[in-house]
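S.K.: Got a structure here, written out as structure tokens. Questions coming.
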Amino acid sequence: MTRPRLWIALGAMAAAGACVRVEREPAIAHNAWARAADSGATTGAYLTFVNHDTLAVHVTSWSSPDAQAVELHETMNMDGMMHMLPVTDPPAIASGDSLMLAPGAKHLMVIGLKKRVAAGDSITLVLATDAGRSLRFGAKIRAP
Amino acid sequence: MMTSEPTRRILAALLFALGACGGAPVHLHGVEFSPAEPAPALRLADANGGTFDLAAERGHVVFIYFGYTHCPDICPLTLSDWAKARAALGTKGEKARYVFVSVDPERDTPAISAAYAKQFDAAFVGLTAAGADLDAIKQAWGFAVMKEETGSKNGYGVAHPGQTFVVDADGRGREILPPNTRPADIAADLKALLP
């Protein structure tokens with residue numbers, strides 16, 4: 001192959017690659033954030049998880065390399081008393097639907113932080129789905 | 001709008017009466033005590049060897065929340081919203097006291113509660129209620145606390161009241177703010193209650 005043709009071929013491959021990269025991910029975590037906290041402490045993390053896939057998704061587990069454990073919990077107001085209970089059934093997110101984790105509602109409990117995190121830092125969160133997919137993303141730390 | 005002379009007199013009398021009471025009635029965003037009544041006692045040892053005594057806080061509006069430091073959601077949300085309200089009011093926000101009382105003495109020492117509260121604002125007070133003090137506070141303030149074993153790696157949970165108790169500058173209970181009250185509403189209520 002002559003050098004100009006090689007460049008044209010490489011250009012075409014690069015263009016094709018670019019097209020592949022802009023394809024929508026089957027599931028995306030938006031606006032992930034967590035509250036600042038000391039090393040060893042437990043903090044809350046929040047995000048919106050959007051399922052762009054054509055099938056429903058079940059989130060089967062959460063984890064973080066920056067904490068001992070991550071659990072999905074729900075804060076519930078029962079007659080003025082606040083209870084915080086683990087969500088034991090993996091939440092199902094229908095195709096095109098989303099799961100919103102927000103303060104005072106469903107949230108991630110990030111347990112035993114391995115380091116102190118301050119506003120502007122970030123931690124990594126990982127979620128796994130029943131389809132065998134794993135999604136790794138950063139959560140920005142906000143002032144407590 | 002045209003008003004007759006008798007109507008004008010009634011309106012004037014009403015306006016005079018309102019003026020005599022210190023202005024228009026205050027509208028608050030929580031559940032108001034009507035009439036306002038003296039707040040129950042709250043007297044606890046602090047982390048510095050002193051005592052926090054609600055009775056000594058006359059002249060300040062006092063926000064009080066009963067929670068625990070292992071709570072990663074509604075407790076930090078409430079204290080964070082207080083901090084936003086305080087910041088939004090500038091120097092007026094400094095005329096109030098913001099008091100977090102842990103109802104989880106098994107894990108929260110007074111020092112842990114104090115450090116926890118100060119994460120949100122250096123002026124916030126963190127206390128711990130234990131034993132007979134906790135029993136007396138629950139009785140007087142009218143709430144319950146329940147330890148809940150949930151199997152979480154975070155340890156047990158503590159069911160606790162989600163509301164903020166607001167005491168005015170005369171030591172009277174004025175309202176109970178529900179959980180998730182917006183910082184702007186907290187700020188508005190504080191402004192309305194300041195002497």
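We name chains A, B, ... following the order of the structure tokens; residues begin at 1 in each chain, and ligands are numbered from 1 as shown.
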Considering only C-alpha atoms, extract the chain A residues located within 10 Å of chain B and return them as a PyMOL selection string.
M.R.: chain A and resi 34-38+41-46+68-86+102-112+143-144
S.K.: What does the file look like for those residues with N, CA and C atoms, as a compact mmCIF listing (two decimals), in the first residue's frame?
M.R.:
# COMPACT_ATOMS: atom_id res chain seq x y z
N ALA A 34 -21.05 12.59 46.65
CA ALA A 34 -21.09 12.07 48.02
C ALA A 34 -20.68 13.19 48.97
N ARG A 35 -21.07 13.03 50.24
CA ARG A 35 -20.71 14.07 51.22
C ARG A 35 -19.31 13.85 51.76
N ALA A 36 -18.62 14.95 52.03
CA ALA A 36 -17.30 14.89 52.65
C ALA A 36 -17.40 14.17 53.99
N ALA A 37 -16.37 13.40 54.32
CA ALA A 37 -16.36 12.67 55.60
C ALA A 37 -14.94 12.26 55.94
N ASP A 38 -14.76 11.89 57.21
CA ASP A 38 -13.42 11.49 57.67
C ASP A 38 -13.11 10.06 57.26
N ALA A 41 -15.12 6.81 58.32
CA ALA A 41 -16.54 7.16 58.53
C ALA A 41 -17.41 6.58 57.41
N THR A 42 -18.69 6.73 57.61
CA THR A 42 -19.68 6.31 56.60
C THR A 42 -20.31 7.56 56.03
N THR A 43 -20.47 7.59 54.72
CA THR A 43 -21.09 8.75 54.10
C THR A 43 -22.19 8.31 53.13
N GLY A 44 -22.97 9.27 52.69
CA GLY A 44 -24.04 8.98 51.72
C GLY A 44 -23.60 9.38 50.32
N ALA A 45 -23.98 8.59 49.34
CA ALA A 45 -23.68 8.92 47.93
C ALA A 45 -24.98 8.90 47.14
N TYR A 46 -25.05 9.75 46.13
CA TYR A 46 -26.29 9.96 45.38
C TYR A 46 -25.99 10.04 43.89
N GLN A 68 -14.88 0.27 52.59
CA GLN A 68 -14.99 -1.15 52.98
C GLN A 68 -16.19 -1.81 52.32
N ALA A 69 -17.26 -1.08 52.19
CA ALA A 69 -18.49 -1.65 51.62
C ALA A 69 -19.40 -0.54 51.13
N VAL A 70 -20.28 -0.89 50.21
CA VAL A 70 -21.30 0.05 49.74
C VAL A 70 -22.64 -0.69 49.76
N GLU A 71 -23.64 -0.09 50.38
CA GLU A 71 -24.96 -0.72 50.46
C GLU A 71 -26.02 0.27 50.01
N LEU A 72 -27.09 -0.27 49.43
CA LEU A 72 -28.23 0.57 49.04
C LEU A 72 -29.22 0.59 50.21
N HIS A 73 -29.54 1.77 50.68
CA HIS A 73 -30.48 1.92 51.80
C HIS A 73 -31.58 2.89 51.42
N GLU A 74 -32.62 2.88 52.23
CA GLU A 74 -33.71 3.82 52.00
C GLU A 74 -34.10 4.47 53.33
N THR A 75 -34.16 5.79 53.32
CA THR A 75 -34.64 6.53 54.48
C THR A 75 -36.16 6.62 54.38
N MET A 76 -36.82 6.23 55.47
CA MET A 76 -38.30 6.26 55.44
C MET A 76 -38.84 7.00 56.65
N ASN A 77 -39.80 7.86 56.38
CA ASN A 77 -40.44 8.63 57.43
C ASN A 77 -41.73 7.91 57.83
N MET A 78 -41.71 7.29 59.01
CA MET A 78 -42.90 6.58 59.47
C MET A 78 -43.45 7.31 60.69
N ASP A 79 -44.52 8.05 60.49
CA ASP A 79 -45.14 8.83 61.57
C ASP A 79 -44.14 9.74 62.26
N GLY A 80 -43.30 10.39 61.48
CA GLY A 80 -42.35 11.35 62.05
C GLY A 80 -41.05 10.73 62.51
N MET A 81 -41.00 9.39 62.56
CA MET A 81 -39.75 8.70 62.95
C MET A 81 -38.98 8.34 61.68
N MET A 82 -37.69 8.65 61.66
CA MET A 82 -36.88 8.34 60.49
C MET A 82 -36.23 6.97 60.68
N HIS A 83 -36.48 6.09 59.73
CA HIS A 83 -35.87 4.75 59.74
C HIS A 83 -34.99 4.66 58.50
N MET A 84 -33.89 3.94 58.64
CA MET A 84 -33.01 3.73 57.47
C MET A 84 -32.80 2.23 57.33
N LEU A 85 -33.35 1.70 56.28
CA LEU A 85 -33.33 0.25 56.12
C LEU A 85 -32.64 -0.15 54.81
N PRO A 86 -31.92 -1.30 54.83
CA PRO A 86 -31.27 -1.74 53.59
C PRO A 86 -32.31 -2.14 52.55
N ALA A 102 -31.33 9.90 46.07
CA ALA A 102 -31.33 11.31 46.49
C ALA A 102 -31.39 11.41 48.01
N PRO A 103 -30.90 12.51 48.58
CA PRO A 103 -30.96 12.68 50.03
C PRO A 103 -32.39 12.55 50.56
N GLY A 104 -32.50 11.83 51.68
CA GLY A 104 -33.80 11.65 52.29
C GLY A 104 -34.63 10.56 51.65
N ALA A 105 -34.04 9.81 50.74
CA ALA A 105 -34.78 8.75 50.04
C ALA A 105 -33.83 7.55 49.87
N LYS A 106 -33.91 6.87 48.72
CA LYS A 106 -32.94 5.80 48.47
C LYS A 106 -31.56 6.43 48.29
N HIS A 107 -30.56 5.82 48.87
CA HIS A 107 -29.21 6.37 48.78
C HIS A 107 -28.19 5.26 48.94
N LEU A 108 -26.96 5.54 48.56
CA LEU A 108 -25.89 4.58 48.79
C LEU A 108 -25.22 4.91 50.12
N MET A 109 -25.02 3.89 50.92
CA MET A 109 -24.29 4.06 52.17
C MET A 109 -22.86 3.58 51.88
N VAL A 110 -21.94 4.52 51.89
CA VAL A 110 -20.53 4.20 51.61
C VAL A 110 -19.85 4.03 52.97
N ILE A 111 -19.56 2.79 53.30
CA ILE A 111 -19.17 2.44 54.68
C ILE A 111 -17.66 2.28 54.82
N GLY A 112 -17.11 2.91 55.83
CA GLY A 112 -15.69 2.74 56.13
C GLY A 112 -14.78 3.31 55.05
N ALA A 143 -19.11 19.53 50.03
CA ALA A 143 -19.01 19.92 51.43
C ALA A 143 -20.12 19.21 52.21
N PRO A 144 -19.84 18.83 53.48
CA PRO A 144 -20.85 18.06 54.20
C PRO A 144 -22.14 18.84 54.39
S.K.: Based on DSSP run over this structure's backbone, return all residues of segment 21-149 of chain B in strand (DSSP E or B), as a VMD selection string.
M.R.: chain B and resid 31 to 38 43 to 45 51 to 53 61 to 67 96 to 102 125 to 128 146 to 148
S.K.: Would you export the selected residues with C-alpha atoms as a JSON list (two decimals), in the first residue's frame, please?
M.R.:
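Once written, out.json looks like this:
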[["chain", "number", "residue", "atom", "x", "y", "z"],
["B", 31, "VAL", "CA", -46.09, 22.87, 62.41],
["B", 32, "GLU", "CA", -46.55, 25.79, 64.79],
["B", 33, "PHE", "CA", -47.22, 25.58, 68.51],
["B", 34, "SER", "CA", -50.38, 27.57, 69.06],
["B", 35, "PRO", "CA", -50.05, 29.15, 71.46],
["B", 36, "ALA", "CA", -46.27, 29.07, 71.77],
["B", 37, "GLU", "CA", -45.32, 27.32, 75.00],
["B", 38, "PRO", "CA", -42.15, 27.12, 77.09],
["B", 43, "ARG", "CA", -29.24, 20.47, 79.69],
["B", 44, "LEU", "CA", -26.31, 18.26, 78.72],
["B", 45, "ALA", "CA", -22.58, 18.09, 79.33],
["B", 51, "THR", "CA", -22.72, 22.35, 80.03],
["B", 52, "PHE", "CA", -25.10, 23.32, 77.30],
["B", 53, "ASP", "CA", -28.30, 24.64, 78.87],
["B", 61, "VAL", "CA", -33.43, 31.29, 68.30],
["B", 62, "VAL", "CA", -32.39, 27.66, 68.81],
["B", 63, "PHE", "CA", -32.67, 24.84, 66.26],
["B", 64, "ILE", "CA", -32.51, 21.36, 67.81],
["B", 65, "TYR", "CA", -32.18, 18.01, 66.05],
["B", 66, "PHE", "CA", -32.02, 14.55, 67.62],
["B", 67, "GLY", "CA", -30.06, 12.07, 65.47],
["B", 96, "ALA", "CA", -29.24, 31.53, 66.29],
["B", 97, "ARG", "CA", -27.92, 28.37, 67.94],
["B", 98, "TYR", "CA", -27.80, 25.11, 66.01],
["B", 99, "VAL", "CA", -27.78, 22.07, 68.28],
["B", 100, "PHE", "CA", -27.34, 18.44, 67.23],
["B", 101, "VAL", "CA", -28.07, 15.91, 69.99],
["B", 102, "SER", "CA", -27.00, 12.33, 69.44],
["B", 125, "VAL", "CA", -23.07, 22.49, 68.83],
["B", 126, "GLY", "CA", -22.90, 18.68, 69.08],
["B", 127, "LEU", "CA", -24.05, 16.92, 72.26],
["B", 128, "THR", "CA", -24.82, 13.38, 73.37],
["B", 146, "MET", "CA", -35.37, 2.65, 68.55],
["B", 147, "LYS", "CA", -32.27, 0.61, 67.87],
["B", 148, "GLU", "CA", -32.68, -1.36, 64.63]]
S.K.: What is the distance between atom CA of Asp104 of chain B and atom CA of Gly131 of chain B, in Å to one decimal?
M.R.: 10.3 Å
S.K.: Near Asp168 of chain B, within 9 Å and counting only C-alpha atoms, which residues show up once chain neighbours fewer than 6 positions away are dropped, as a list in words?
M.R.: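 Using only C-alpha atoms, the neighbours found are Ala39, Arg58, Gly59, His60, Val61, Val62, Phe63, Arg174, Leu190, Leu193, Leu194 and Pro195 of chain B.
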S.K.: Convert the current residue selection to file output with N, CA and C atoms, as a PDB file, in the first residue's frame.
M.R.:
ATOM      1  N   ALA B  39     -40.367  25.845  76.050  1.00  0.00           N
ATOM      2  CA  ALA B  39     -39.729  24.622  75.556  1.00  0.00           C
ATOM      3  C   ALA B  39     -39.309  23.760  76.739  1.00  0.00           C
ATOM      4  N   ARG B  58     -31.612  32.332  76.141  1.00  0.00           N
ATOM      5  CA  ARG B  58     -32.587  33.397  75.869  1.00  0.00           C
ATOM      6  C   ARG B  58     -31.919  34.473  75.015  1.00  0.00           C
ATOM      7  N   GLY B  59     -32.685  34.986  74.060  1.00  0.00           N
ATOM      8  CA  GLY B  59     -32.112  35.982  73.147  1.00  0.00           C
ATOM      9  C   GLY B  59     -31.650  35.366  71.840  1.00  0.00           C
ATOM     10  N   HIS B  60     -31.580  34.021  71.811  1.00  0.00           N
ATOM     11  CA  HIS B  60     -31.211  33.321  70.578  1.00  0.00           C
ATOM     12  C   HIS B  60     -32.354  32.409  70.127  1.00  0.00           C
ATOM     13  N   VAL B  61     -32.559  32.340  68.845  1.00  0.00           N
ATOM     14  CA  VAL B  61     -33.427  31.291  68.299  1.00  0.00           C
ATOM     15  C   VAL B  61     -32.587  30.019  68.304  1.00  0.00           C
ATOM     16  N   VAL B  62     -33.170  28.898  68.714  1.00  0.00           N
ATOM     17  CA  VAL B  62     -32.388  27.657  68.810  1.00  0.00           C
ATOM     18  C   VAL B  62     -33.041  26.564  67.953  1.00  0.00           C
ATOM     19  N   PHE B  63     -32.232  25.983  67.072  1.00  0.00           N
ATOM     20  CA  PHE B  63     -32.670  24.839  66.259  1.00  0.00           C
ATOM     21  C   PHE B  63     -32.107  23.580  66.923  1.00  0.00           C
ATOM     22  N   ARG B 174     -41.716  27.123  69.168  1.00  0.00           N
ATOM     23  CA  ARG B 174     -42.531  27.844  68.193  1.00  0.00           C
ATOM     24  C   ARG B 174     -43.010  26.976  67.047  1.00  0.00           C
ATOM     25  N   LEU B 190     -36.173  31.633  60.545  1.00  0.00           N
ATOM     26  CA  LEU B 190     -35.220  32.203  61.500  1.00  0.00           C
ATOM     27  C   LEU B 190     -35.326  33.729  61.500  1.00  0.00           C
ATOM     28  N   LEU B 193     -38.322  34.910  63.315  1.00  0.00           N
ATOM     29  CA  LEU B 193     -38.334  34.695  64.770  1.00  0.00           C
ATOM     30  C   LEU B 193     -37.274  35.492  65.506  1.00  0.00           C
ATOM     31  N   LEU B 194     -36.357  36.089  64.775  1.00  0.00           N
ATOM     32  CA  LEU B 194     -35.306  36.863  65.451  1.00  0.00           C
ATOM     33  C   LEU B 194     -35.925  38.061  66.166  1.00  0.00           C
ATOM     34  N   PRO B 195     -35.429  38.357  67.368  1.00  0.00           N
ATOM     35  CA  PRO B 195     -36.024  39.493  68.101  1.00  0.00           C
ATOM     36  C   PRO B 195     -35.719  40.811  67.407  1.00  0.00           C
TER      37      PRO B 195
END
S.K.: Could you write out, as a list in words, all the residues of chain A that DSSP marks as alpha helix (DSSP H)?
M.R.: Arg3, Pro4, Arg5, Leu6, Trp7, Ile8, Ala9, Leu10, Gly11, Ala12, Met13, Ala14, Ala15, Ala16, Gly17, Ala18, Cys19, Val20 and Arg21 of chain A
S.K.: Selection from above, C-alpha atoms, as a PDB file, in the first residue's frame, can you write it?
M.R.:
ATOM      1  CA  ARG A   3       1.795   5.925   1.860  1.00  0.00           C
ATOM      2  CA  PRO A   4      -1.162   8.197   0.758  1.00  0.00           C
ATOM      3  CA  ARG A   5      -3.473   5.184   0.565  1.00  0.00           C
ATOM      4  CA  LEU A   6      -2.273   4.044   3.979  1.00  0.00           C
ATOM      5  CA  TRP A   7      -3.148   7.442   5.448  1.00  0.00           C
ATOM      6  CA  ILE A   8      -6.602   7.321   3.794  1.00  0.00           C
ATOM      7  CA  ALA A   9      -7.198   3.820   5.204  1.00  0.00           C
ATOM      8  CA  LEU A  10      -6.078   4.878   8.681  1.00  0.00           C
ATOM      9  CA  GLY A  11      -8.315   7.942   8.444  1.00  0.00           C
ATOM     10  CA  ALA A  12     -11.307   5.792   7.547  1.00  0.00           C
ATOM     11  CA  MET A  13     -10.579   3.416  10.443  1.00  0.00           C
ATOM     12  CA  ALA A  14     -10.266   6.340  12.832  1.00  0.00           C
ATOM     13  CA  ALA A  15     -13.591   7.735  11.605  1.00  0.00           C
ATOM     14  CA  ALA A  16     -15.225   4.335  12.069  1.00  0.00           C
ATOM     15  CA  GLY A  17     -13.748   4.136  15.572  1.00  0.00           C
ATOM     16  CA  ALA A  18     -15.119   7.564  16.401  1.00  0.00           C
ATOM     17  CA  CYS A  19     -18.560   6.417  15.330  1.00  0.00           C
ATOM     18  CA  VAL A  20     -18.352   3.384  17.595  1.00  0.00           C
ATOM     19  CA  ARG A  21     -17.324   5.538  20.530  1.00  0.00           C
TER      20      ARG A  21
END
